[in-house]
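Engineer: This structure is in structure tokens; I'll ask about it shortly.
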Amino acid sequence: MSKLNSTGQQTADAPTPEDAFHEAAALEGKGGNGGPVLSADGTPLKRSLNRALRMQKMRALMLIAPLLIFVLVTFIAPIADMLFRSVENQIVGTTLPRTVESVSDWDAEAEEAPGEAVFEQLYYDMFLAAEAKEHTKLGTRLNYEQTGIASLFRSSGRDMDDLGEDYIDALEDLDEAWEDEAFWYALMTGGEDAAGNTDLLNTQRKRLSNLTSDNFKGDIGFVPGAEISQLLPNTARAYTVFALFTVIADEDVVSEEEPWEAVKIALVQDLKAGADVAAYEGPGAAELRAARDMLSDMPEIAFKPAFLEIDEDWGANETWRAIKIFSPPFTSGYFLNAVDMAKTLDGVEARPENQQIYIMLFKRTLFMSLVITGSCILLGYPVAWILSNLPMRTANLLMILVLLPFWTSLLVRTSAWKVMLQSQGVINDVMVWLGLVGDGDRLVMINNQFGTIVAMTHILLPFMILPMYSVMQTIPPSYLRAAKSLGATNWTAFWRVYFPQSVPGIGAGSILVFILSIGYYITPEIVGGTTGTFISNRIAYHISSSLNWGLAAALGSILLAVVLILYWAYDKIVGIDNVKLG
Amino acid sequence: MAETANNDAFVEFERVQKSYDGETLVVKDLNLSMPKGEFLTMLGPSGSGKTTCLMMLAGFETATHGEIKLGGRPINNIPPHKRGIGMVFQNYALFPHMTVAENLSFPLEVRKIGKSDREAKVRRALDMVQMGDFAGRRPAQLSGGQQQRIALARALVFEPELVLMDEPLGALDKQLREHMQFEITNLAHELGITTVYVTHDQTEALTMSDRVAVFDDGRIQQLAAPDVLYESPENSFVAQFIGENNTLEGTVKEIKDGLALVELDDGELIDCKPVNVEKAGDRTLISIRPERVEINVEKLGETAHTLKAEVAEFIYMGDVFRTRLKVAGKDDFIIKTRNSADQRRLQPGEHIEIGWLPEDCRALDAV
């Protein structure tokens, strides 16, 4: 130990934590022959140290716990949610599960829309989605990829009830039992003691809970009969869905509600498909046989022409491509969109030039943030210098002036710039009055990049001055004196001695200002016009106006990544240790 | 008081005054001249104006009135960087973002000295302070004493004729400080540079300097060699500021044959050497150094004066004993006796007789 001490003495008189670390490391190395270092009572020193520190750590943790929880809930969780939203795309799969499944076989390269089978599944999916009022959400989602789909879904949802009307009318004309709730209930349960098909019930529960936010748990007073589900699979499925929805979403009793049209259409389909009702002996057997006989005279239900009749866009190849491309539960589509690309069947391609906007916005945001940071450094450095070299009393007074903008509403300050800079504003008026510019050609200083840069430089300036000031305050004036006594001129003394020591302040201020400005929203929104807006304005637009949260999340994630990359680069080039806030 | 300007003076202050606020003078009518190669210390309590004088010489403060000359040339209007004066600062002021070598090379760079020349000079300066192995270190990686050496080397590397030091050893511990005092004086004499050294530590001033200027209240109270300063203080401030001192108040009865007869306030009469008392009836402060007080009065001979004293406190300090006595109605009379084999340790409450030679007892102005 004495030897260690003497080496420590040579390097520095004052022991630093690092010294202690080295000593500890050296001790450990020495411990190789003597085993671990023991404390007085014989336990390993490390363990007793840990024990001694545990209490302290616990207390520290308790103290930060409220903030930690607050940050986790209000900051970390939303960021995680945002990152998730930017790739999440489950709505297509949950709203049109059967359609998505059957459309996977469709050859999207073909000019034609998919065939009858896909439209058949689309009917059942759409019918349920329309009942649950989920079809418009899907329409909105797909509309981001293919304009027009929103209205297609909205109008089609309304017309689902009328599809196959003739068949339903024919069925009900044949026997009034088909309009009778109790009859249907008896038919689908298969009588009092019939074996139930709980698998079907559970599958449909899951399907519905995926579709809506409800979890569709609980007893509904109905279990589809095992025999009937085998005989009439489509009907049983459609009725089970109906039953679940009626009881849980509408809070009615199954046996007292007439089934949906989709159930009847399913029945027609099952019977036309040749369900073996001849051997069936359960409730409603006679009615089923009569219906089968009646239907044998009618043609097959044609779903595709029916849909085309509702809206001919259903026959458009693009509609179905959009559905097919965006059917997986996760998609890179939002991110591609955020960098002016589009997802296609073959992979990725650039958007047409007239639709490219985001790359340009990102570039503009970075460029303007850099300009704002630069002008803050230029304007703030001399102020910080003066502040740090004045006597305390005067410095405090001036500091109030620097901080004054903080006490004024951001909105007021920004609006003030609008008053100052507009073409009939104070500055233009003064310049016209002075004869510097003609009345006809007043300068355009607002609603463009210039206005945004001016206003944001003003607003962010305190964030630059404060760290610079606190760093400069710690630089003793004796350094400058020493430099001068050594023969340096004022400029050399400043540039070679003072400036390098103030760099940490510039670094801290720059990081603050740059990161604040890269995500700035209010000021560019008010004074930015069309050429001075930032990416954040676009994000806000997608969050509050177009409601394309996925795209907003993707843009936000890219912005976050850019900031992190720049931060990392800054750390590599300048070193984050070179950032001081005081 | 101060010496008059002479022709071989290297640094001269002529009637220099300085005021910061326009109301009070920090430096009042300063006259000082020092020859080349001298080691002069400005000593004084804080606020006495010594640092201001140094700053005026370095060029960081301007004199309100009067003239400062360097090598016969007035330098009042020359900016600091053109004065060519080396300076060592209190906190060293080593540039933290530069290595030791870069720090030393800085004054050479700004003087546009070639690279190879620069390196040679830096090396020589570092070797001079025995820091040759530390060229690549940053100041923060050095101990206080090492930083001190580097600061010294930096002030000397461009070979200035005058070096100013502003309490350069203030931050060091006692042992290191004593060592550095020795090194600095050696170096200054070896290189033959003129040095102005500011300190408030009188031991430092006495051990290092050729001459010491004692500052108080903006004036030089006495400018003399250390031994003169200690043994023959010219006024009561110097007497009390330099070294430990016993004072007794009294009135001058008469002055004759180079001796003053002083009546102490309790009526005792003693003989003193008059320093700045003029006539009978003047109030005076007589000063006696604690080590010149003898407790074995028979050793002193006939001329000595003796007084009765009572021991109040005995303090053992190792090499000396320090004893506090009650003398002539005051209880802060200190005597120092060497811890020699035959020296008696006095007991509190003991009544003894003390005495001193009249020439060791100086009658000064009453404060």
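By convention here, the chains of the structure tokens are called A, B, ... in the order presented, each chain's residues are numbered starting at 1, and ligands are numbered starting at 1 in the order presented.
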Restrict the distance test to only C-alpha atoms, flag each residue of chain B within 10 Å of chain A, and return the flagged residues as a PyMOL selection string.
Structural biologist: chain B and resi 55+58-60+79-98+103-104+106-111+134+137+140-146+151+154-158+160+164
Engineer: Which neighbours of A:Gly93 fall inside 9 Å, counting only C-alpha atoms, when residues of the same chain fewer than 4 positions from it are skipped, and could you give them as number ranges by chain?
Structural biologist: A: 89, 97-101, 211, 326-329
Engineer: Can you spit out the residues from that selection as an mmCIF file, in the first residue's frame, using C-alpha atoms?
Structural biologist:
```
data_model
loop_
_atom_site.group_PDB
_atom_site.id
_atom_site.type_symbol
_atom_site.label_atom_id
_atom_site.label_comp_id
_atom_site.auth_asym_id
_atom_site.auth_seq_id
_atom_site.Cartn_x
_atom_site.Cartn_y
_atom_site.Cartn_z
ATOM 1 C CA ASN A 89 -50.687 -2.542 -39.533
ATOM 2 C CA PRO A 97 -59.327 -11.762 -41.988
ATOM 3 C CA ARG A 98 -60.967 -14.169 -44.418
ATOM 4 C CA THR A 99 -60.545 -11.854 -47.404
ATOM 5 C CA VAL A 100 -56.839 -11.412 -46.653
ATOM 6 C CA GLU A 101 -56.473 -15.169 -46.439
ATOM 7 C CA LEU A 211 -61.976 -6.582 -34.726
ATOM 8 C CA PHE A 326 -50.911 -4.024 -46.675
ATOM 9 C CA SER A 327 -52.408 -7.239 -45.388
ATOM 10 C CA PRO A 328 -49.491 -8.333 -43.124
ATOM 11 C CA PRO A 329 -49.759 -7.227 -39.480
#
```
Engineer: Between atom CA of A:Asp166 and atom CA of A:Ile228, what is the distance, to one decimal in Å?
Structural biologist: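 Spanning atom CA of A:Asp166 to atom CA of A:Ile228 is a straight-line distance of 24.5 Å.
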Engineer: Could you pull the residues within 12 Å of stretch 104-109 of chain A, counting only C-alpha atoms, minus those fewer than 3 positions along the same chain, as a ChimeraX atom specification?
Structural biologist: /A:93,97-101,112-119,316-328,344-346
Engineer: DSSP on the backbone: what in stretch 60-128 of chain A comes out alpha helix (DSSP H), as a VMD selection string?
Structural biologist: chain A and resid 60 to 71 77 to 85 90 to 95 97 to 103 116 to 128
Engineer: Taking 3 positions as the minimum chain separation for residues in the same chain, which residues sit within 7 Å of A:Phe514 when counting only C-alpha atoms? Answer as a short mmCIF file (atom, residue, chain, number, x, y, z; two decimals) with N, CA and C atoms, in the first residue's frame.
Structural biologist:
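Writing done, so here's around-v2.cif:
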```
data_model
loop_
_atom_site.label_atom_id
_atom_site.label_comp_id
_atom_site.auth_asym_id
_atom_site.auth_seq_id
_atom_site.Cartn_x
_atom_site.Cartn_y
_atom_site.Cartn_z
N SER A 369 -32.17 24.38 -38.83
CA SER A 369 -31.73 24.23 -37.45
C SER A 369 -30.26 24.61 -37.32
N LEU A 370 -29.46 24.21 -38.31
CA LEU A 370 -28.04 24.56 -38.28
C LEU A 370 -27.86 26.07 -38.38
N THR A 373 -28.83 27.57 -35.08
CA THR A 373 -27.78 27.32 -34.08
C THR A 373 -26.60 28.26 -34.33
N SER A 510 -25.10 24.67 -28.28
CA SER A 510 -25.45 24.23 -29.63
C SER A 510 -26.33 23.00 -29.59
N ILE A 511 -25.97 22.05 -28.73
CA ILE A 511 -26.79 20.84 -28.65
C ILE A 511 -28.21 21.19 -28.22
N SER A 517 -34.58 23.12 -31.81
CA SER A 517 -35.11 23.70 -33.04
C SER A 517 -35.50 22.62 -34.04
N ILE A 518 -34.81 21.47 -34.00
CA ILE A 518 -35.12 20.44 -34.99
C ILE A 518 -36.54 19.91 -34.78
#
```
Engineer: Env of A:Asn448: 10 Å cut, atoms = only C-alpha atoms, seq-sep filter 3 positions within chain, self excluded. Answer as a ChimeraX atom specification.
Structural biologist: /A:444-445,451-453,524,527-533
Engineer: Out of stretch 336-538 of chain A, which residues get strand (DSSP E) from DSSP, as a ChimeraX atom specification?
Structural biologist: /A:341-344,347-350
Engineer: Neighbouring residues of B:Gly218 were defined as those with any atom within 10 Å, considering only C-alpha atoms; residues of the same chain fewer than 6 positions away were excluded. Please report them as a ChimeraX atom specification.
Structural biologist: /B:17-18,25-30,44,47-50,52-53
Engineer: Could the residues in this selection be written to a file with C-alpha atoms, as a CSV table (one decimal), in the first residue's frame?
Structural biologist:
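Writing done, so here's again-v6.csv:
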```csv
chain,number,residue,atom,x,y,z
B,17,GLN,CA,-0.9,56.9,-7.3
B,18,LYS,CA,-3.7,54.6,-8.0
B,25,LEU,CA,-6.3,56.1,-3.1
B,26,VAL,CA,-5.2,52.5,-3.0
B,27,VAL,CA,-1.6,53.4,-3.7
B,28,LYS,CA,-0.5,56.7,-2.3
B,29,ASP,CA,2.6,58.4,-3.6
B,30,LEU,CA,4.8,55.4,-4.3
B,44,GLY,CA,2.0,43.7,3.4
B,47,GLY,CA,-5.5,45.6,0.9
B,48,SER,CA,-2.2,47.3,1.4
B,49,GLY,CA,-1.7,48.0,-2.3
B,50,LYS,CA,1.1,45.6,-3.0
B,52,THR,CA,-2.0,46.8,-7.3
B,53,CYS,CA,1.6,47.9,-7.6
```
Engineer: Report the distance between atom CA of A:Val471 and atom CA of A:Trp385 in Å, rounded to one decimal place.
Structural biologist: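 Atom-to-atom, atom CA of A:Val471 to atom CA of A:Trp385, that is 10.0 Å.
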Engineer: Compile the contact shell of stretch 241-247 of chain B as a ChimeraX atom specification: residues with an atom at most 9 Å away, counting only C-alpha atoms, same-chain residues fewer than 3 positions apart removed.
Structural biologist: /B:44-45,202-203,206,214,229-230,233,236-238,285-290,332-335
Engineer: Using the selection just defined, write its residues with N, CA and C atoms as a compact mmCIF listing (two decimals), in the first residue's frame.
Structural biologist:
```txt
# COMPACT_ATOMS: atom_id res chain seq x y z
N GLY B 44 3.02 42.88 2.75
CA GLY B 44 2.03 43.71 3.43
C GLY B 44 0.74 42.94 3.63
N PRO B 45 -0.10 43.45 4.53
CA PRO B 45 -1.39 42.78 4.71
C PRO B 45 -2.26 42.96 3.47
N GLN B 202 5.53 36.90 5.90
CA GLN B 202 6.77 37.61 6.23
C GLN B 202 7.98 36.69 6.24
N THR B 203 7.80 35.43 6.64
CA THR B 203 8.93 34.51 6.63
C THR B 203 9.48 34.36 5.22
N LEU B 206 11.36 37.45 4.27
CA LEU B 206 12.67 37.58 4.92
C LEU B 206 13.67 36.60 4.35
N VAL B 214 7.88 46.95 2.84
CA VAL B 214 6.69 46.66 3.65
C VAL B 214 5.61 47.68 3.31
N LEU B 229 15.30 45.22 8.51
CA LEU B 229 13.86 45.32 8.73
C LEU B 229 13.47 44.70 10.07
N TYR B 230 14.07 43.57 10.35
CA TYR B 230 13.71 42.83 11.55
C TYR B 230 14.27 43.49 12.80
N PRO B 233 13.24 48.08 12.94
CA PRO B 233 12.03 48.59 12.30
C PRO B 233 11.92 50.10 12.52
N SER B 236 6.19 51.63 14.24
CA SER B 236 5.54 50.57 15.00
C SER B 236 4.80 49.58 14.10
N PHE B 237 4.34 50.05 12.92
CA PHE B 237 3.67 49.08 12.03
C PHE B 237 4.64 47.99 11.61
N VAL B 238 5.82 48.41 11.16
CA VAL B 238 6.81 47.44 10.68
C VAL B 238 7.22 46.53 11.84
N LEU B 285 5.56 53.91 21.84
CA LEU B 285 5.32 52.48 21.95
C LEU B 285 6.71 51.85 21.94
N ILE B 286 7.06 51.19 22.99
CA ILE B 286 8.40 50.59 22.95
C ILE B 286 8.26 49.13 22.58
N SER B 287 9.21 48.67 21.76
CA SER B 287 9.09 47.30 21.26
C SER B 287 10.32 46.50 21.62
N ILE B 288 10.08 45.26 22.08
CA ILE B 288 11.17 44.34 22.42
C ILE B 288 10.84 43.00 21.78
N ARG B 289 11.82 42.42 21.04
CA ARG B 289 11.61 41.11 20.46
C ARG B 289 11.59 40.05 21.55
N PRO B 290 10.71 39.07 21.48
CA PRO B 290 10.60 38.08 22.56
C PRO B 290 11.91 37.34 22.82
N ASP B 332 0.10 40.27 28.01
CA ASP B 332 0.41 39.62 26.73
C ASP B 332 1.89 39.77 26.37
N PHE B 333 2.73 39.78 27.36
CA PHE B 333 4.16 39.91 27.14
C PHE B 333 4.75 38.50 26.92
N ILE B 334 5.32 38.32 25.72
CA ILE B 334 5.78 36.98 25.34
C ILE B 334 7.31 36.93 25.42
N ILE B 335 7.82 35.86 25.96
CA ILE B 335 9.26 35.66 25.83
C ILE B 335 9.51 34.28 25.23
```
Engineer: Quick one: pull the distance between atom CA of A:Met160 and atom CA of A:Asn210, Å, one decimal.
Structural biologist: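 Atom-to-atom, atom CA of A:Met160 and atom CA of A:Asn210 are spaced 21.1 Å apart.
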Engineer: Which residue is closest to B:Asp8? Choose from B:Gly318, B:Pro35, B:Gly267, B:Gly250 and count only C-alpha atoms.
Structural biologist: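 Ranked by minimum distance to B:Asp8, first place goes to B:Pro35.
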